[in-house]
Structure formats: C-alpha cells, structure tokens
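> Data: final_2.txt, compact mmCIF, C-alpha atoms.
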```txt
# COMPACT_ATOMS: atom_id res chain seq x y z
CA MET U 1078 17.45 30.70 12.86
CA THR U 1079 17.03 29.63 16.49
CA ILE U 1080 20.19 27.50 16.68
CA GLY U 1081 22.18 28.63 19.70
CA LEU U 1082 19.34 30.87 20.85
CA LYS U 1083 19.79 31.90 24.47
CA PHE U 1084 16.35 31.34 25.95
CA GLU U 1085 17.27 33.15 29.13
CA ILE U 1086 16.70 36.40 27.24
CA PHE U 1087 12.98 35.57 27.21
CA SER U 1088 10.65 36.22 30.08
CA ASP U 1089 8.20 33.42 30.85
CA ALA U 1090 5.44 35.14 28.86
CA GLU U 1091 7.78 35.82 25.92
CA LEU U 1092 8.92 32.19 25.87
CA VAL U 1093 5.33 30.98 25.58
CA VAL U 1094 4.59 33.46 22.78
CA ASP U 1095 7.76 32.48 20.88
CA THR U 1096 6.96 28.78 21.27
CA LYS U 1097 3.51 29.33 19.78
CA ARG U 1098 5.16 31.13 16.87
CA ALA U 1099 7.52 28.18 16.34
CA VAL U 1100 4.58 25.75 16.44
CA ALA U 1101 2.73 27.79 13.81
CA GLU U 1102 5.84 27.69 11.61
CA GLU U 1103 6.05 23.93 12.15
CA ARG U 1104 2.47 23.50 10.93
CA ARG U 1105 3.13 25.64 7.86
CA ALA U 1106 6.23 23.59 7.12
CA MET U 1107 4.18 20.39 7.55
CA LEU U 1108 1.63 21.58 5.00
CA ALA U 1109 4.48 22.47 2.64
CA VAL U 1110 5.75 18.89 3.00
CA LEU U 1111 2.27 17.51 2.30
CA ASP U 1112 2.03 19.64 -0.85
CA ARG U 1113 5.32 18.28 -2.14
CA ILE U 1114 4.40 14.68 -1.33
CA LYS U 1115 1.18 15.21 -3.28
CA GLU U 1116 3.11 16.51 -6.31
CA ILE U 1117 5.51 13.57 -6.18
CA HIS U 1118 2.50 11.24 -6.16
CA THR U 1119 0.82 13.13 -9.01
CA ARG U 1120 3.93 12.76 -11.17
CA SER U 1121 4.37 9.08 -10.14
CA LEU U 1122 7.93 10.17 -9.39
CA HIS U 1123 8.27 7.62 -6.58
CA LEU U 1124 7.54 4.81 -9.05
CA ALA U 1125 9.95 6.14 -11.66
CA LEU U 1126 12.69 6.22 -9.01
CA GLY U 1127 12.20 2.52 -8.31
CA PHE U 1128 10.03 2.64 -5.18
CA SER U 1129 7.02 0.36 -5.04
CA SER U 1130 4.80 2.91 -3.31
CA LEU U 1131 4.66 6.44 -2.02
CA HIS U 1132 5.03 4.99 1.47
CA ALA U 1133 8.27 3.22 0.55
CA PHE U 1134 9.61 6.47 -0.94
CA CYS U 1135 8.80 8.43 2.23
CA VAL U 1136 10.44 5.82 4.46
CA THR U 1137 13.58 5.23 2.39
CA GLU U 1138 14.22 8.56 0.68
CA LEU U 1139 12.70 10.99 3.20
CA LYS U 1140 13.76 8.94 6.26
CA TYR U 1141 10.35 8.89 7.91
CA SER U 1142 9.31 6.02 10.17
CA ASP U 1143 6.50 3.76 8.91
CA GLY U 1144 3.99 5.50 11.17
CA ALA U 1145 5.15 9.01 10.25
CA ALA U 1146 5.00 8.19 6.53
CA HIS U 1147 1.50 6.73 6.89
CA ARG U 1148 0.21 9.78 8.75
CA ARG U 1149 1.61 12.25 6.22
CA ILE U 1150 0.36 10.37 3.17
CA SER U 1151 -3.10 9.93 4.70
CA ALA U 1152 -3.24 13.59 5.73
CA MET U 1153 -2.18 14.62 2.22
CA ARG U 1154 -5.02 12.60 0.71
CA LEU U 1155 -7.51 13.93 3.23
CA CYS U 1156 -6.55 17.53 2.43
CA ASP U 1157 -6.92 16.73 -1.25
CA ASP U 1158 -10.44 15.42 -0.70
CA LEU U 1159 -11.51 17.95 1.94
CA PRO U 1160 -9.95 21.43 1.68
CA LYS U 1161 -11.26 22.28 5.16
CA ALA U 1162 -8.97 19.61 6.61
CA ARG U 1163 -5.97 21.66 5.50
CA LYS U 1164 -7.15 24.67 7.51
CA ALA U 1165 -7.88 22.45 10.51
CA ILE U 1166 -4.29 21.13 10.43
CA ALA U 1167 -2.90 24.64 10.00
CA ASP U 1168 -4.92 25.87 13.01
CA GLY U 1169 -3.84 22.91 15.14
CA ALA U 1170 -7.41 21.66 15.50
CA LEU U 1171 -6.68 18.42 13.62
CA SER U 1172 -3.62 16.33 14.39
CA LEU U 1173 -1.90 14.24 11.74
CA SER U 1174 -2.86 11.13 13.69
CA ASN U 1175 -6.56 11.99 13.62
CA ALA U 1176 -6.31 13.08 10.00
CA ALA U 1177 -4.88 9.67 9.14
CA SER U 1178 -7.61 7.89 11.13
CA LEU U 1179 -10.28 9.95 9.41
CA GLN U 1180 -8.91 9.21 5.95
CA THR U 1181 -8.71 5.50 6.74
CA PHE U 1182 -12.33 5.55 7.91
CA PHE U 1183 -13.46 7.32 4.72
CA ARG U 1184 -11.63 4.78 2.53
CA LYS U 1185 -12.39 1.51 4.27
CA SER U 1186 -15.57 1.72 6.32
CA ASP U 1187 -18.94 0.79 4.87
CA ASP U 1188 -20.46 3.33 7.24
CA ALA U 1189 -18.34 6.24 5.99
CA PRO U 1190 -20.27 9.28 4.69
CA VAL U 1191 -20.37 9.80 0.94
CA THR U 1192 -21.19 13.46 0.45
CA GLU U 1193 -18.65 16.22 1.07
CA GLU U 1194 -21.05 17.92 3.48
CA ALA U 1195 -21.36 14.78 5.63
CA LYS U 1196 -17.58 14.31 5.57
CA GLU U 1197 -17.08 17.89 6.74
CA GLU U 1198 -19.48 17.29 9.63
CA LEU U 1199 -17.40 14.31 10.74
CA LEU U 1200 -14.25 16.41 10.33
CA GLU U 1201 -15.72 18.93 12.78
CA MET U 1202 -16.55 16.16 15.25
CA VAL U 1203 -12.99 14.78 15.48
CA GLN U 1204 -11.21 18.09 15.88
CA GLY U 1205 -9.53 18.37 19.26
CA LYS U 1206 -10.32 14.75 20.12
CA SER U 1207 -7.92 12.02 21.22
CA LYS U 1208 -7.38 8.96 19.04
CA ALA U 1209 -9.45 6.82 21.42
CA GLN U 1210 -12.31 9.35 21.24
CA CYS U 1211 -12.09 9.33 17.43
CA ASP U 1212 -12.27 5.54 17.36
CA ARG U 1213 -15.46 5.64 19.43
CA ILE U 1214 -16.93 8.13 16.96
CA PHE U 1215 -15.94 6.07 13.93
CA TYR U 1216 -16.82 2.64 15.27
CA PRO U 1217 -19.52 2.94 17.97
CA GLU U 1218 -20.63 -0.67 17.42
CA GLN U 1219 -17.15 -2.15 17.30
CA LYS U 1220 -16.82 -5.32 19.33
CA GLY U 1221 -13.93 -7.65 19.93
CA VAL U 1222 -11.43 -8.94 22.42
CA VAL U 1223 -7.98 -7.42 22.86
CA VAL U 1224 -5.38 -10.17 22.51
CA ARG U 1225 -1.76 -9.49 23.48
CA PHE U 1226 1.21 -11.78 23.09
CA LEU U 1227 4.97 -11.50 22.80
CA ALA U 1228 6.07 -12.24 19.23
CA ASP U 1229 9.69 -13.29 18.73
CA ASP U 1230 11.74 -12.33 15.68
CA GLU U 1231 10.84 -15.52 13.81
CA THR U 1232 7.10 -14.92 14.28
CA LEU U 1233 7.43 -11.31 13.14
CA ALA U 1234 9.40 -12.44 10.08
CA LEU U 1235 6.69 -14.97 9.20
CA LEU U 1236 3.95 -12.35 9.60
CA LYS U 1237 5.95 -9.94 7.43
CA ARG U 1238 6.23 -12.57 4.68
CA LEU U 1239 2.51 -13.31 4.94
CA SER U 1240 1.86 -9.58 4.63
CA GLU U 1241 3.94 -9.43 1.45
CA LEU U 1242 2.19 -12.39 -0.16
CA THR U 1243 -1.38 -11.47 0.78
CA ALA U 1244 -1.08 -7.66 0.41
CA ILE U 1245 -2.49 -7.26 3.92
CA GLY U 1246 -0.78 -4.33 5.64
CA GLU U 1247 2.00 -5.46 7.98
CA GLN U 1248 0.55 -3.33 10.80
CA ASP U 1249 -2.88 -4.95 10.45
CA ARG U 1250 -1.82 -7.94 12.53
CA ALA U 1251 -5.37 -8.86 13.46
CA ALA U 1252 -6.13 -9.45 9.77
CA LEU U 1253 -2.86 -11.35 9.30
CA ILE U 1254 -3.56 -13.69 12.22
CA LYS U 1255 -7.10 -14.21 10.95
CA ARG U 1256 -5.66 -15.21 7.56
CA VAL U 1257 -3.21 -17.60 9.26
CA ALA U 1258 -6.07 -19.24 11.15
CA ALA U 1259 -8.13 -19.59 7.96
CA ILE U 1260 -5.23 -21.17 6.04
CA ALA U 1261 -4.47 -23.54 8.92
CA LEU U 1262 -8.08 -24.67 9.19
CA ARG U 1263 -8.28 -25.33 5.45
CA THR U 1264 -5.27 -27.60 5.91
CA ILE U 1265 -6.26 -29.58 9.00
CA ASP U 1266 -10.03 -29.29 9.39
CA PRO U 1267 -11.68 -32.30 7.67
CA LEU U 1268 -14.99 -30.45 7.61
CA GLY U 1269 -13.58 -27.14 6.41
CA GLU U 1270 -13.65 -25.41 3.03
CA ARG U 1271 -11.02 -27.74 1.61
CA ALA U 1272 -13.59 -30.54 1.56
CA THR U 1273 -15.97 -28.47 -0.57
CA ALA U 1274 -14.95 -28.93 -4.20
CA ASP U 1275 -16.79 -25.89 -5.52
CA LYS U 1276 -14.94 -23.44 -3.24
CA PRO U 1277 -11.53 -22.10 -4.34
CA THR U 1278 -8.85 -22.21 -1.66
CA MET U 1279 -7.65 -18.66 -2.26
CA ASP U 1280 -9.07 -15.32 -3.29
CA ARG U 1281 -6.75 -14.27 -6.11
CA SER U 1282 -7.83 -10.64 -5.78
CA THR U 1283 -5.83 -10.44 -2.55
CA VAL U 1284 -3.50 -13.45 -2.56
CA THR U 1285 -0.58 -14.17 -4.84
CA VAL U 1286 0.28 -17.87 -4.85
CA PHE U 1287 4.05 -18.29 -4.48
CA PRO U 1288 6.35 -21.17 -5.35
CA ALA U 1289 8.12 -23.34 -2.83
CA SER U 1290 11.38 -21.45 -3.35
CA SER U 1291 9.67 -18.24 -2.19
CA SER U 1292 8.30 -19.63 1.06
CA PRO U 1293 9.28 -17.85 4.30
CA THR U 1294 11.91 -20.47 5.12
CA GLY U 1295 13.04 -21.01 1.55
CA HIS U 1296 13.02 -24.80 2.05
CA GLU U 1297 9.38 -25.82 2.27
CA THR U 1298 7.82 -27.70 -0.62
CA ALA U 1299 4.32 -26.54 -1.51
CA LYS U 1300 1.73 -29.23 -2.13
CA GLU U 1301 -0.37 -28.84 -5.22
CA ASN U 1302 -4.08 -29.55 -5.13
CA PRO U 1303 -6.76 -29.15 -7.81
CA ALA U 1304 -8.57 -26.31 -6.03
CA GLU U 1305 -5.38 -24.27 -5.72
CA GLN U 1306 -4.50 -24.86 -9.37
CA ALA U 1307 -8.02 -23.80 -10.34
CA SER U 1308 -7.55 -20.55 -8.46
CA LEU U 1309 -4.41 -19.86 -10.48
CA ALA U 1310 -6.45 -19.89 -13.66
CA LYS U 1311 -8.44 -16.91 -12.37
CA LEU U 1312 -5.45 -14.59 -12.32
CA HIS U 1313 -6.01 -11.44 -14.41
CA PRO U 1314 -2.78 -9.43 -14.45
CA THR U 1315 -2.81 -5.79 -15.41
CA PRO U 1316 -1.49 -5.26 -18.97
CA ALA U 1317 2.01 -3.80 -19.09
CA ARG U 1318 5.18 -3.61 -21.23
CA PRO U 1319 8.89 -3.20 -20.53
CA LEU U 1320 9.25 -0.09 -18.39
CA SER U 1321 12.57 0.96 -19.89
CA THR U 1322 11.11 1.72 -23.33
CA PRO U 1323 8.85 4.67 -24.25
CA ALA U 1324 5.21 4.07 -24.97
CA ARG U 1325 4.33 3.45 -28.61
CA PRO U 1326 1.35 1.91 -30.38
CA LEU U 1327 1.41 -1.87 -30.36
CA PRO U 1328 -0.30 -4.05 -32.93
CA THR U 1329 -3.26 -5.94 -31.64
CA SER U 1330 -3.98 -9.59 -32.15
CA PRO U 1331 -6.45 -12.10 -30.79
CA SER U 1332 -5.94 -12.30 -27.02
CA PRO U 1333 -4.36 -15.57 -25.90
CA SER U 1334 -5.53 -17.50 -22.87
CA ARG U 1335 -5.17 -15.79 -19.51
CA TYR U 1336 -4.38 -19.11 -17.86
CA ILE U 1337 -0.85 -19.37 -16.49
CA PRO U 1338 0.32 -22.92 -15.74
CA VAL U 1339 1.44 -23.53 -12.17
CA ALA U 1340 4.90 -24.64 -13.35
CA VAL U 1341 5.35 -21.40 -15.33
CA GLU U 1342 4.28 -19.25 -12.39
CA ARG U 1343 6.66 -21.03 -10.04
CA SER U 1344 9.48 -20.67 -12.56
CA VAL U 1345 8.90 -16.90 -12.88
CA TRP U 1346 8.88 -16.50 -9.10
CA ALA U 1347 12.13 -18.44 -8.78
CA ARG U 1348 13.84 -16.51 -11.59
CA ASP U 1349 12.80 -13.10 -10.22
CA GLY U 1350 13.65 -14.00 -6.64
CA GLY U 1351 10.18 -13.22 -5.31
CA GLN U 1352 10.80 -9.48 -5.78
CA CYS U 1353 9.50 -6.72 -8.05
CA THR U 1354 11.71 -6.53 -11.15
CA TYR U 1355 11.36 -2.80 -11.93
CA VAL U 1356 14.73 -1.02 -12.25
CA ASP U 1357 15.14 2.75 -12.51
CA SER U 1358 17.02 3.39 -15.76
CA LEU U 1359 19.02 6.27 -14.23
CA THR U 1360 19.94 5.11 -10.72
CA ARG U 1361 19.73 1.37 -11.51
CA ARG U 1362 17.82 1.00 -8.25
CA ARG U 1363 15.67 -2.13 -8.30
CA CYS U 1364 12.36 -1.94 -6.51
CA SER U 1365 12.73 -3.89 -3.26
CA SER U 1366 9.04 -4.67 -2.79
CA ARG U 1367 7.90 -8.21 -2.04
CA PHE U 1368 4.43 -6.99 -1.06
CA GLY U 1369 1.40 -8.16 -3.05
CA LEU U 1370 3.44 -9.05 -6.15
CA GLN U 1371 1.60 -9.55 -9.44
CA LEU U 1372 2.44 -11.56 -12.52
CA ASP U 1373 2.69 -9.09 -15.40
CA HIS U 1374 2.95 -9.68 -19.15
CA VAL U 1375 5.96 -7.87 -20.67
CA ARG U 1376 4.11 -7.76 -23.99
CA PRO U 1377 0.55 -7.06 -22.87
CA LEU U 1378 -2.00 -9.83 -23.08
CA ALA U 1379 -4.28 -7.39 -24.91
CA CYS U 1380 -1.59 -7.06 -27.60
CA GLY U 1381 -1.12 -10.79 -28.08
CA GLY U 1382 1.52 -11.38 -25.42
CA PRO U 1383 1.73 -15.05 -24.44
CA SER U 1384 1.65 -16.40 -20.89
CA THR U 1385 5.15 -17.83 -21.11
CA LYS U 1386 8.08 -17.58 -18.73
CA ASP U 1387 9.98 -15.21 -21.05
CA ASN U 1388 6.97 -12.87 -21.34
CA LEU U 1389 6.12 -12.81 -17.64
CA ARG U 1390 7.71 -10.91 -14.77
CA LEU U 1391 6.93 -9.99 -11.19
CA LEU U 1392 5.88 -6.40 -10.49
CA CYS U 1393 4.46 -4.74 -7.41
CA ALA U 1394 1.06 -3.12 -7.82
CA GLY U 1395 2.52 0.37 -8.26
CA HIS U 1396 4.96 -0.59 -11.02
CA ASN U 1397 2.37 -2.78 -12.70
CA ARG U 1398 0.17 0.30 -12.94
CA LEU U 1399 3.09 2.46 -14.11
CA ALA U 1400 3.80 -0.03 -16.88
CA ALA U 1401 0.16 0.05 -17.96
CA GLN U 1402 0.17 3.87 -17.95
CA ARG U 1403 3.22 3.93 -20.22
CA VAL U 1404 1.47 1.67 -22.72
CA PHE U 1405 -2.16 2.74 -22.58
CA GLY U 1406 -1.78 6.28 -21.19
CA HIS U 1407 -2.81 7.93 -17.94
CA ARG U 1408 -6.33 8.79 -19.10
CA LYS U 1409 -7.28 5.20 -19.87
CA MET U 1410 -5.78 3.92 -16.62
CA ALA U 1411 -7.30 6.71 -14.50
CA SER U 1412 -10.29 4.52 -13.68
CA PHE U 1413 -8.07 2.19 -11.68
CA ALA U 1414 -7.30 2.85 -8.02
CA SER U 1415 -4.20 4.86 -7.14
CA SER U 1416 -1.43 3.65 -4.80
```
Starting from the coordinates I provided, produce the structure as structure tokens.

Amino acid sequence: MTIGLKFEIFSDAELVVDTKRAVAEERRAMLAVLDRIKEIHTRSLHLALGFSSLHAFCVTELKYSDGAAHRRISAMRLCDDLPKARKAIADGALSLSNAASLQTFFRKSDDAPVTEEAKEELLEMVQGKSKAQCDRIFYPEQKGVVVRFLADDETLALLKRLSELTAIGEQDRAALIKRVAAIALRTIDPLGERATADKPTMDRSTVTVFPASSSPTGHETAKENPAEQASLAKLHPTPARPLSTPARPLPTSPSPSRYIPVAVERSVWARDGGQCTYVDSLTRRRCSSRFGLQLDHVRPLACGGPSTKDNLRLLCAGHNRLAAQRVFGHRKMASFASS
C-alpha cells in the first residue's frame, strides 16, 4: 500500500526506481484486467447481464470511458491472437493505444497481413512508436482532407441516432457524414441512385429501416417508396427464441416466407420503443442498446415461426446471437462473427 506514503523518505534515485516498480505493477494489473475481460466475453456474461456488447459492459459496469473500453477490448483481442503482444504490453514496448490501432488494422484493412509471422513483424514495427507514426505505417497511401467543424448538441444527437440505425460506430464520424451525404443525394438528386429502378435504396446488411415513430425527432413521417419496400424483403434475421427459457429441441416445419411487411416492421418498432428487448431474468435490467437493431423471430423461422408482430421483436446483434446460441448451441453458431 502506498496510500499516505511520504515520498520525502526517497532520494531522487530511489524515487525513480520506485516509480518504475509501480509502473511494472500497473502493467501486470492491466494484463490481469484484460484476462478477466476475455473470460467475461468467453462466457457471454455481458450479454446474460443485459448489456448489448462487451463495450457497453465495460463502460457501464466497469466505469471506463468509451475510449478506455475500446482500447482494453482491442488489446485483449490482440493478445488472444498474438501472444507476443502480451509480452510487449508487459514490457511497456506496446501501448494500449497502439495495440488497439493494430487490432483495428488487422480486422478492417484489406492490406492487413494474414499469417501470424507477418503480423508479428508488424507488431515489432509499431513498438515504441507514436500513434501518428503507426498510422503512417498502417496506411502509407492514405489520402484525404481534414475537415473540422463545431457540432452543436442537436447535430451530435442526430449523428448518434444515425449511428444506432446504421450500425456505424459513433466515433467514425467520417463514415457517418458520408452516409448522410449519400442519403441526402438519393433524396434530392434527380440523376442519383433513386432514379435507377434496379438499385435498392439501402444495404440491409448494415442498415435497419426504422418506422416514423423511431425517427430522431420522433415526429417525422417516413415516405414509403417501392425500392425501400423491396429492400425490406431482403431482411434475413438470425434465428432466435425467447431468451428467458432454456434451450430445448424444437419441432421443424416448412420454413415460412422471410418477407416482413413494412406495416408489421413499423408496428414492432413502435411497440418495442426502438430498443433491444432483452431483459436479464435476475436483475430485470433491459438492454439499453439502440445500435444496429435487428428484427428477430421469437419462434425461429427455421422452426416454422411466422413473420407476424407477435412473433417478432427487436434485439441488438449481441442478444440476437445469444438467443441463437441458446437454441442451436454454441458449436453451430461458432461460425458467425463474435461481438
């Protein structure tokens, strides 16, 4: 315990030595935290407790900031993929910030190395570097213009809502503004995509169409058009069942149509309040996520569940996957991406 420690008892040299010792302890404690976050993720404990993601659990339950939670989760995943990263963090050669940047590059860049040996070479290159130096290593050909503007609270609220509905990260504001521009042009450009009948207006793999009652202001009335309704028909929700009941074999029957009428989808959104409906059976905590919500069949489509209002609910991606795991088992769902 160093609480109340009288530092005047240290000479200058002793103070430096003791500080280095404290830093080494801090790094060991950080790795211990990463190990525990990994185990929580492995057990899907964050989902069972009613959190939509591991990030939400770290922010709400562990009281980390968004950035701190992101860095720790990314570092945890990097250490899981590359054991040498763990030693680099322990030695102080790799900061959490650079670990997070490296993991993001591995996951999202088309130029990221594939083999473990190539990844380890890149790990060596970023050790001891600043974030700006790492970015130049990761993206040597990156081009663009830095745009800065002052966003008021209303603008930030609108971008947050867009982030929730498109599943684009709230911090990726460049992607959010790009999506805003694309949507605006489809609305007002007479020569844009809207005029081309064979192009859907939305990519349903990343966009969840929401009803008028779930719009950012809560008062706008959405206009229906044939292309948008056609995109709704392409929705393929992940099979799931009520989360409060244990998994048991379900009888199979011919699969009904995947098509969900626009009126039914809007009705489900209005009933569920545009929020994930998962509730932890012990704490009664309801998942607060409004990010990237998915329409889920209570009785799975694969088991004959109809696409009706009573058999549909809103779930975030994490709880949709948890529901599927409880029905079909972890092994069968292991091929799907983790949250």
> Using all atoms listed in the file, which protein or nucleic acid residues come within 10 Å of Pro1383 (chain U)? Drop anything in the same chain fewer than 4 positions from it, and give the result as a ChimeraX atom specification.
/U:1332-1337,1374-1379,1387-1389
> I'd like the neighbourhood of region 1140-1154 of chain U as an NGL selection string, where a residue qualifies if any of its atoms comes within 8 Å (using only C-alpha atoms), though same-chain residues fewer than 2 positions away should be ignored.
:U and (1111-1112 or 1114-1115 or 1131-1132 or 1135-1138 or 1156-1158 or 1173-1174 or 1176-1177 or 1180-1181)
> In Å, rounded to a single decimal, give me how far CA of Cys1393 (chain U) is from CA of Gln1371 (chain U).
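Straight-line distance from CA of Gln1371 (chain U) to CA of Cys1393 (chain U) works out to 6.0 Å.
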> Quick one: axis-aligned box around all listed atoms of region 1132-1136 of chain U, 6 Å on every side, centre and edge lengths in Å to one decimal, written as lines of an AutoDock Vina configuration file.

```
center_x = 7.7
center_y = 5.8
center_z = 1.8
size_x = 17.4
size_y = 17.2
size_z = 17.4
```
> Restricting the calculation to only C-alpha atoms: of U:Cys1211, U:Ala1125, U:Val1222, U:Arg1256, which residue gets closest to Ala1244 (chain U)?
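Among U:Cys1211, U:Ala1125, U:Val1222, U:Arg1256, it is U:Arg1256 that comes nearest to Ala1244 (chain U).
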> Taking into account only C-alpha atoms, which residue in the set U:Leu1171, U:Lys1237, U:Ala1228, U:Asp1187 is nearest to Lys1208 (chain U)?
U:Leu1171
> Report, in Å with one decimal, the straight-line distance from CA of Leu1372 (chain U) to CA of Ser1344 (chain U).
11.5 Å
